[in-house]
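Raw start-v2.cif, mmCIF, C-alpha atoms:
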data_input
#
loop_
_atom_site.label_atom_id
_atom_site.label_comp_id
_atom_site.auth_asym_id
_atom_site.auth_seq_id
_atom_site.Cartn_x
_atom_site.Cartn_y
_atom_site.Cartn_z
CA MET X 1 0.00 0.00 0.00
CA GLY X 2 1.00 3.61 -0.48
CA GLU X 3 0.02 6.80 1.31
CA LYS X 4 -3.32 6.53 3.09
CA VAL X 5 -5.75 9.40 3.65
CA TYR X 6 -8.79 9.31 5.91
CA GLY X 7 -11.46 11.83 6.89
CA TYR X 8 -14.22 12.90 4.50
CA HIS X 9 -12.86 16.35 3.58
CA ALA X 10 -9.25 15.16 3.29
CA ILE X 11 -10.27 12.32 0.97
CA GLU X 12 -12.44 14.66 -1.09
CA GLU X 13 -9.44 16.94 -1.72
CA ALA X 14 -7.01 14.06 -2.26
CA LEU X 15 -9.27 12.56 -4.94
CA LYS X 16 -8.72 15.68 -7.05
CA LYS X 17 -5.03 14.78 -7.34
CA ALA X 18 -5.15 11.00 -7.09
CA GLY X 19 -3.34 9.12 -9.83
CA MET X 20 -3.56 5.69 -11.39
CA GLY X 21 -3.12 2.89 -8.86
CA SER X 22 -5.11 4.65 -6.15
CA THR X 23 -7.87 2.79 -4.33
CA LEU X 24 -10.78 4.07 -2.25
CA TYR X 25 -11.75 1.56 0.44
CA VAL X 26 -15.21 2.16 1.88
CA GLN X 27 -17.42 0.51 4.44
CA ARG X 28 -20.40 -1.39 3.09
CA GLN X 29 -23.63 0.54 3.65
CA GLY X 30 -21.62 3.58 4.65
CA GLY X 31 -24.30 6.20 4.11
CA GLU X 32 -24.75 9.20 1.82
CA ARG X 33 -21.38 10.87 2.45
CA ILE X 34 -19.50 7.66 1.68
CA GLU X 35 -21.53 7.08 -1.46
CA ALA X 36 -20.69 10.63 -2.56
CA LEU X 37 -16.98 9.79 -2.20
CA VAL X 38 -17.51 6.62 -4.22
CA MET X 39 -19.13 8.64 -7.00
CA GLU X 40 -16.25 11.16 -7.00
CA ALA X 41 -13.70 8.34 -7.11
CA LYS X 42 -15.41 6.76 -10.11
CA LEU X 43 -15.61 10.09 -11.92
CA THR X 44 -11.81 10.44 -11.78
CA GLY X 45 -11.44 7.39 -13.98
CA LYS X 46 -8.25 6.57 -12.06
CA VAL X 47 -9.37 5.41 -8.61
CA ALA X 48 -10.59 1.88 -7.94
CA VAL X 49 -13.30 1.37 -5.30
CA LYS X 50 -13.40 -1.58 -2.91
CA LYS X 51 -16.07 -2.17 -0.27
CA LEU X 52 -15.08 -3.79 3.03
CA SER X 53 -16.67 -4.64 6.34
CA LYS X 54 -16.26 -2.17 9.21
CA ASP X 55 -13.71 -4.45 10.92
CA GLU X 56 -11.67 -4.95 7.74
CA LEU X 57 -11.55 -1.22 7.15
CA GLU X 58 -10.47 -0.40 10.70
CA ARG X 59 -7.70 -3.03 10.57
CA MET X 60 -6.14 -1.07 7.70
CA MET X 61 -5.37 1.84 10.06
CA PRO X 62 -5.55 0.62 13.67
CA GLY X 63 -6.43 3.37 16.13
CA ALA X 64 -7.49 5.89 13.48
CA ASP X 65 -11.04 7.23 13.34
CA VAL X 66 -11.50 6.41 9.66
CA ARG X 67 -15.30 6.89 9.67
CA GLY X 68 -16.05 4.55 6.82
CA ALA X 69 -13.45 5.44 4.17
CA ILE X 70 -9.72 5.25 3.46
CA LEU X 71 -8.04 6.44 0.28
CA ASP X 72 -4.83 4.60 -0.61
CA LEU X 73 -2.92 6.74 -3.09
CA GLY X 74 -0.68 3.88 -4.18
CA GLY X 75 3.09 3.77 -4.33
CA PRO X 76 5.54 4.85 -1.61
CA ARG X 77 6.06 8.54 -1.12
CA ARG X 78 7.69 10.61 1.62
CA GLY X 79 5.32 12.77 3.62
CA ALA X 80 1.57 12.88 3.15
CA SER X 81 -0.64 12.55 0.13
CA ARG X 82 0.68 14.29 -2.97
CA LEU X 83 2.11 17.25 -1.09
CA ILE X 84 3.63 20.14 -3.00
CA GLU X 85 7.27 19.88 -1.95
CA THR X 86 10.01 22.32 -2.92
CA SER X 87 13.30 23.69 -1.66
CA VAL X 88 13.73 27.22 -0.35
CA GLU X 89 16.21 27.95 -3.14
CA GLU X 90 13.77 26.79 -5.84
CA PHE X 91 10.99 28.82 -4.26
CA CYS X 92 13.10 31.99 -4.28
CA GLU X 93 14.26 31.41 -7.85
CA ARG X 94 10.64 31.32 -9.03
CA LEU X 95 9.88 34.73 -7.51
CA GLY X 96 9.87 37.63 -9.93
CA GLU X 97 11.98 40.66 -9.09
CA ASP X 98 8.96 42.64 -7.87
CA ASP X 99 6.94 39.76 -6.41
CA GLY X 100 5.86 39.83 -2.80
CA ALA X 101 5.52 36.58 -0.84
CA LEU X 102 4.54 35.23 2.57
CA VAL X 103 6.55 32.41 4.17
CA LEU X 104 5.62 30.62 7.39
CA ILE X 105 8.51 29.06 9.33
CA LEU X 106 7.59 26.45 11.95
CA ASP X 107 10.35 26.03 14.52
CA GLY X 108 9.72 22.67 16.18
CA ILE X 109 5.94 22.12 16.06
CA THR X 110 5.43 18.60 17.44
CA ASP X 111 1.65 18.14 17.61
CA PRO X 112 0.12 16.89 14.33
CA HIS X 113 -3.19 18.54 15.19
CA ASN X 114 -1.47 21.91 15.53
CA LEU X 115 0.37 21.42 12.24
CA GLY X 116 -2.84 20.43 10.49
CA ALA X 117 -4.66 23.50 11.80
CA ILE X 118 -1.75 25.75 10.84
CA LEU X 119 -1.69 24.38 7.28
CA ARG X 120 -5.43 24.98 7.02
CA SER X 121 -4.88 28.64 7.96
CA ALA X 122 -1.89 28.81 5.63
CA ASP X 123 -4.10 27.75 2.74
CA GLN X 124 -6.84 30.22 3.66
CA PHE X 125 -4.47 33.18 3.96
CA GLY X 126 -2.45 32.40 0.87
CA VAL X 127 0.89 31.43 2.40
CA ASP X 128 3.38 30.89 -0.41
CA LEU X 129 5.67 28.49 1.45
CA VAL X 130 5.71 26.65 4.79
CA MET X 131 9.14 25.69 6.11
CA ILE X 132 9.38 22.69 8.47
CA PRO X 133 12.57 21.33 10.07
CA GLU X 134 13.43 17.73 9.32
CA ARG X 135 14.30 16.93 12.94
CA ARG X 136 12.43 17.37 16.23
CA ALA X 137 9.20 18.35 14.47
CA VAL X 138 6.10 16.60 13.22
CA GLN X 139 5.91 16.03 9.48
CA ALA X 140 2.84 16.26 7.25
CA ASN X 141 1.50 12.74 7.83
CA GLU X 142 -1.99 11.26 7.38
CA THR X 143 -3.26 12.80 10.64
CA VAL X 144 -2.04 16.24 9.59
CA VAL X 145 -3.75 15.97 6.20
CA LYS X 146 -7.01 14.95 7.89
CA VAL X 147 -6.91 17.77 10.47
CA SER X 148 -6.15 20.28 7.70
CA SER X 149 -9.28 19.06 5.83
CA GLY X 150 -7.06 18.48 2.80
CA ALA X 151 -5.53 21.97 2.82
CA ALA X 152 -2.09 20.41 3.33
CA GLN X 153 -2.18 19.33 -0.30
CA TYR X 154 -2.36 22.92 -1.56
CA VAL X 155 0.33 24.64 0.53
CA PRO X 156 3.91 24.35 -0.78
CA ILE X 157 6.11 22.80 1.92
CA SER X 158 9.87 22.78 2.30
CA VAL X 159 11.35 20.27 4.76
CA VAL X 160 14.80 21.59 5.69
CA THR X 161 17.77 20.27 7.66
CA ASN X 162 18.90 23.67 8.98
CA LEU X 163 16.39 26.44 9.66
CA THR X 164 18.92 29.20 10.23
CA ARG X 165 20.70 28.44 6.96
CA GLU X 166 17.43 28.61 5.02
CA ILE X 167 16.44 31.82 6.82
CA LYS X 168 19.66 33.33 5.48
CA VAL X 169 18.60 32.27 1.96
CA LEU X 170 15.30 34.09 2.48
CA LYS X 171 17.09 37.21 3.73
CA ASP X 172 19.41 37.15 0.73
CA ASN X 173 16.27 37.23 -1.40
CA GLY X 174 14.73 40.28 0.25
CA PHE X 175 12.66 38.70 3.04
CA TRP X 176 12.27 40.22 6.50
CA ILE X 177 11.95 37.71 9.32
CA TYR X 178 9.39 38.20 12.11
CA GLY X 179 9.48 35.88 15.12
CA ALA X 180 6.37 35.42 17.27
CA ASP X 181 6.88 35.78 21.02
CA MET X 182 4.79 37.17 23.89
CA ALA X 183 7.54 39.70 24.70
CA GLY X 184 7.65 41.16 21.19
CA GLU X 185 6.35 44.36 19.60
CA ASP X 186 2.62 44.82 19.03
CA SER X 187 1.81 43.03 15.75
CA TYR X 188 -1.35 45.11 15.20
CA SER X 189 0.73 48.23 14.56
CA MET X 190 3.30 46.45 12.40
CA ALA X 191 3.65 47.37 8.72
CA PHE X 192 4.82 44.12 7.20
CA PRO X 193 6.96 44.37 4.03
CA ARG X 194 5.91 42.68 0.80
CA ARG X 195 8.35 39.83 1.40
CA THR X 196 7.70 38.59 4.91
CA ALA X 197 8.54 35.39 6.78
CA ILE X 198 6.77 34.71 10.09
CA VAL X 199 8.34 32.28 12.57
CA MET X 200 6.16 30.30 14.97
CA GLY X 201 7.93 28.47 17.80
CA SER X 202 7.25 25.10 19.40
CA GLU X 203 4.30 24.50 21.71
CA GLY X 204 6.41 24.38 24.87
CA ASP X 205 9.61 26.32 24.31
CA GLY X 206 8.75 28.83 21.60
CA ILE X 207 11.38 29.95 19.10
CA SER X 208 14.85 28.51 19.60
CA GLN X 209 17.62 30.94 20.55
CA LEU X 210 19.55 30.44 17.31
CA VAL X 211 16.50 31.11 15.16
CA ARG X 212 15.55 34.11 17.33
CA LYS X 213 18.97 35.66 16.70
CA ASN X 214 18.27 35.53 12.98
CA CYS X 215 14.90 37.32 13.23
CA ASP X 216 14.73 40.98 12.20
CA HIS X 217 11.81 41.70 14.56
CA ILE X 218 10.07 39.90 17.43
CA ILE X 219 6.32 40.46 17.44
CA SER X 220 3.43 39.59 19.73
CA ILE X 221 -0.37 39.51 19.68
CA PRO X 222 -1.92 41.90 22.23
CA MET X 223 -4.17 39.98 24.63
CA GLN X 224 -6.55 40.85 27.45
CA GLY X 225 -7.50 37.43 28.79
CA HIS X 226 -6.60 35.63 32.00
CA ILE X 227 -4.22 33.08 30.48
CA ASP X 228 -0.80 34.07 29.21
CA SER X 229 -0.69 32.59 25.72
CA LEU X 230 -2.61 31.35 22.69
CA ASN X 231 -2.42 27.94 21.07
CA VAL X 232 0.26 28.11 18.37
CA SER X 233 -2.19 27.30 15.57
CA VAL X 234 -4.54 30.09 16.68
CA ALA X 235 -1.65 32.55 16.97
CA ALA X 236 -0.40 31.60 13.51
CA GLY X 237 -3.83 32.26 12.00
CA ILE X 238 -4.03 35.69 13.64
CA LEU X 239 -0.58 36.76 12.42
CA LEU X 240 -1.23 35.51 8.88
CA TYR X 241 -4.42 37.56 8.87
CA GLU X 242 -2.52 40.61 10.09
CA PHE X 243 -0.15 40.30 7.14
CA ARG X 244 -2.99 39.97 4.62
CA ARG X 245 -5.39 42.50 6.15
CA PRO X 246 -3.85 45.71 4.67
CA ARG X 247 -3.63 43.99 1.29
#
Kindly transcribe the structure held in the file into structure tokens.
Amino acid sequence: MGEKVYGYHAIEEALKKAGMGSTLYVQRQGGERIEALVMEAKLTGKVAVKKLSKDELERMMPGADVRGAILDLGGPRRGASRLIETSVEEFCERLGEDDGALVLILDGITDPHNLGAILRSADQFGVDLVMIPERRAVQANETVVKVSSGAAQYVPISVVTNLTREIKVLKDNGFWIYGADMAGEDSYSMAFPRRTAIVMGSEGDGISQLVRKNCDHIISIPMQGHIDSLNVSVAAGILLYEFRRPR
């Protein structure tokens, strides 16, 4: 088997890019939503459909809440289903001289649910590239694709071995780097440049010291509540909106 996708919305999006050799496994008598997926799979002309019992289906992905359907995209592939993968260098080379761009740098996000939610926001706010470290961070796996409701398949992702080195590549190509931290400047009054990279730190420790040293500005979201921080996926969505709002 190849990459497996589960969750109605994630499968619906993955079917749009599924190639030959893909198979949609569905539970017998799965209801209207499952039958709709079956119809979409058949319309692609590329995806086979196989009906299984509930137990057979659940044995394909033990512990996952598959809810009656699993899409096997066929063939081994690193990462999740048909992701748009690129290098930072290739991304910068494709930018025109006057093009603006928004990059989201994730410094050590470890929770797949947070990554999935962040990628969903990244898709909604038109992020041009998401940078994820290869080590000590969750990768875009099946859970991430499901949580993102398929948005992970539309956001270009660069998995890098050295964040600070790639940040330097961005700077050399006209990007300004903004790190998110509670002790930073008020993001609401910030005038972001046309080429901006926003760094979100890990759930527990925030931005690493080495990455922080390479940021041009440290910014924060003004808050008035009784707790001292926002979930990283919520904070990422707010900052992405702040970049797009004046535009």
Resolved residues for the PyMOL selection byres ((chain X and resi 163-169) around 10) as a PyMOL selection string = chain X and resi 87-89+92+105-107+131-134+158-162+170-177+197+199+210-215
Run through the PyMOL selection byres ((chain X and resi 103) around 7) on the given coordinates and return the selected residues as a compact mmCIF listing (two decimals) with C-alpha atoms, keeping the file's coordinate frame.
# COMPACT_ATOMS: atom_id res chain seq x y z
CA ALA X 101 5.52 36.58 -0.84
CA LEU X 102 4.54 35.23 2.57
CA LEU X 104 5.62 30.62 7.39
CA ILE X 105 8.51 29.06 9.33
CA VAL X 127 0.89 31.43 2.40
CA ASP X 128 3.38 30.89 -0.41
CA LEU X 129 5.67 28.49 1.45
CA VAL X 130 5.71 26.65 4.79
CA THR X 196 7.70 38.59 4.91
CA ALA X 197 8.54 35.39 6.78
CA ILE X 198 6.77 34.71 10.09
Picked residues, the PyMOL selection byres ((chain X and resi 109) around 12), expected as JSON, numbers by chain | {"X": [105, 106, 107, 108, 110, 111, 112, 113, 114, 115, 116, 117, 118, 119, 131, 132, 133, 134, 135, 136, 137, 138, 139, 140, 144, 199, 200, 201, 202, 203, 204, 205, 206, 207, 208, 231, 232, 233, 236]}
Written selection (C-alpha atoms) as an mmCIF file, in the coordinates of the input:
data_model
loop_
_atom_site.group_PDB
_atom_site.id
_atom_site.type_symbol
_atom_site.label_atom_id
_atom_site.label_comp_id
_atom_site.auth_asym_id
_atom_site.auth_seq_id
_atom_site.Cartn_x
_atom_site.Cartn_y
_atom_site.Cartn_z
ATOM 1 C CA ILE X 105 8.510 29.060 9.330
ATOM 2 C CA LEU X 106 7.590 26.450 11.950
ATOM 3 C CA ASP X 107 10.350 26.030 14.520
ATOM 4 C CA GLY X 108 9.720 22.670 16.180
ATOM 5 C CA THR X 110 5.430 18.600 17.440
ATOM 6 C CA ASP X 111 1.650 18.140 17.610
ATOM 7 C CA PRO X 112 0.120 16.890 14.330
ATOM 8 C CA HIS X 113 -3.190 18.540 15.190
ATOM 9 C CA ASN X 114 -1.470 21.910 15.530
ATOM 10 C CA LEU X 115 0.370 21.420 12.240
ATOM 11 C CA GLY X 116 -2.840 20.430 10.490
ATOM 12 C CA ALA X 117 -4.660 23.500 11.800
ATOM 13 C CA ILE X 118 -1.750 25.750 10.840
ATOM 14 C CA LEU X 119 -1.690 24.380 7.280
ATOM 15 C CA MET X 131 9.140 25.690 6.110
ATOM 16 C CA ILE X 132 9.380 22.690 8.470
ATOM 17 C CA PRO X 133 12.570 21.330 10.070
ATOM 18 C CA GLU X 134 13.430 17.730 9.320
ATOM 19 C CA ARG X 135 14.300 16.930 12.940
ATOM 20 C CA ARG X 136 12.430 17.370 16.230
ATOM 21 C CA ALA X 137 9.200 18.350 14.470
ATOM 22 C CA VAL X 138 6.100 16.600 13.220
ATOM 23 C CA GLN X 139 5.910 16.030 9.480
ATOM 24 C CA ALA X 140 2.840 16.260 7.250
ATOM 25 C CA VAL X 144 -2.040 16.240 9.590
ATOM 26 C CA VAL X 199 8.340 32.280 12.570
ATOM 27 C CA MET X 200 6.160 30.300 14.970
ATOM 28 C CA GLY X 201 7.930 28.470 17.800
ATOM 29 C CA SER X 202 7.250 25.100 19.400
ATOM 30 C CA GLU X 203 4.300 24.500 21.710
ATOM 31 C CA GLY X 204 6.410 24.380 24.870
ATOM 32 C CA ASP X 205 9.610 26.320 24.310
ATOM 33 C CA GLY X 206 8.750 28.830 21.600
ATOM 34 C CA ILE X 207 11.380 29.950 19.100
ATOM 35 C CA SER X 208 14.850 28.510 19.600
ATOM 36 C CA ASN X 231 -2.420 27.940 21.070
ATOM 37 C CA VAL X 232 0.260 28.110 18.370
ATOM 38 C CA SER X 233 -2.190 27.300 15.570
ATOM 39 C CA ALA X 236 -0.400 31.600 13.510
#
Shortest interatomic distance to Ala18 (chain X) - which of X:Gly150, X:Gly74, X:Gly63, X:Pro246, counting only C-alpha atoms |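 Using only C-alpha atoms, the shortest distance to Ala18 (chain X) belongs to X:Gly74.
Reported to one decimal place, the separation of CA of Ala64 (chain X) from CA of Gly30 (chain X) is 16.8 Å.
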Residue neighbourhood Ala235 (chain X), 9 Å, all atoms listed in the file, exclusion window fewer than 5 positions, as number ranges by chain = X: 180, 200, 221, 229-230, 240
Can you list, as a ChimeraX atom specification, every protein, DNA or RNA residue that comes within 6 Å of region 2-13 of chain X when you count all atoms listed in the file, leaving out same-chain residues fewer than 2 positions away?
-> /X:15-16,66,70-76,81,142,146,149-150
d(CA of Pro62 (chain X), CA of Lys42 (chain X)) in Å |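 Atom-to-atom, CA of Pro62 (chain X) to CA of Lys42 (chain X), that is 26.5 Å.
Considering all atoms listed in the file, the residue among X:Ala14, X:Arg67, X:Arg194, X:Lys51 positioned nearest to Ala152 (chain X) is X:Ala14.
The spacing separating CA of Pro193 (chain X) from CA of Phe243 (chain X) amounts to 8.8 Å.
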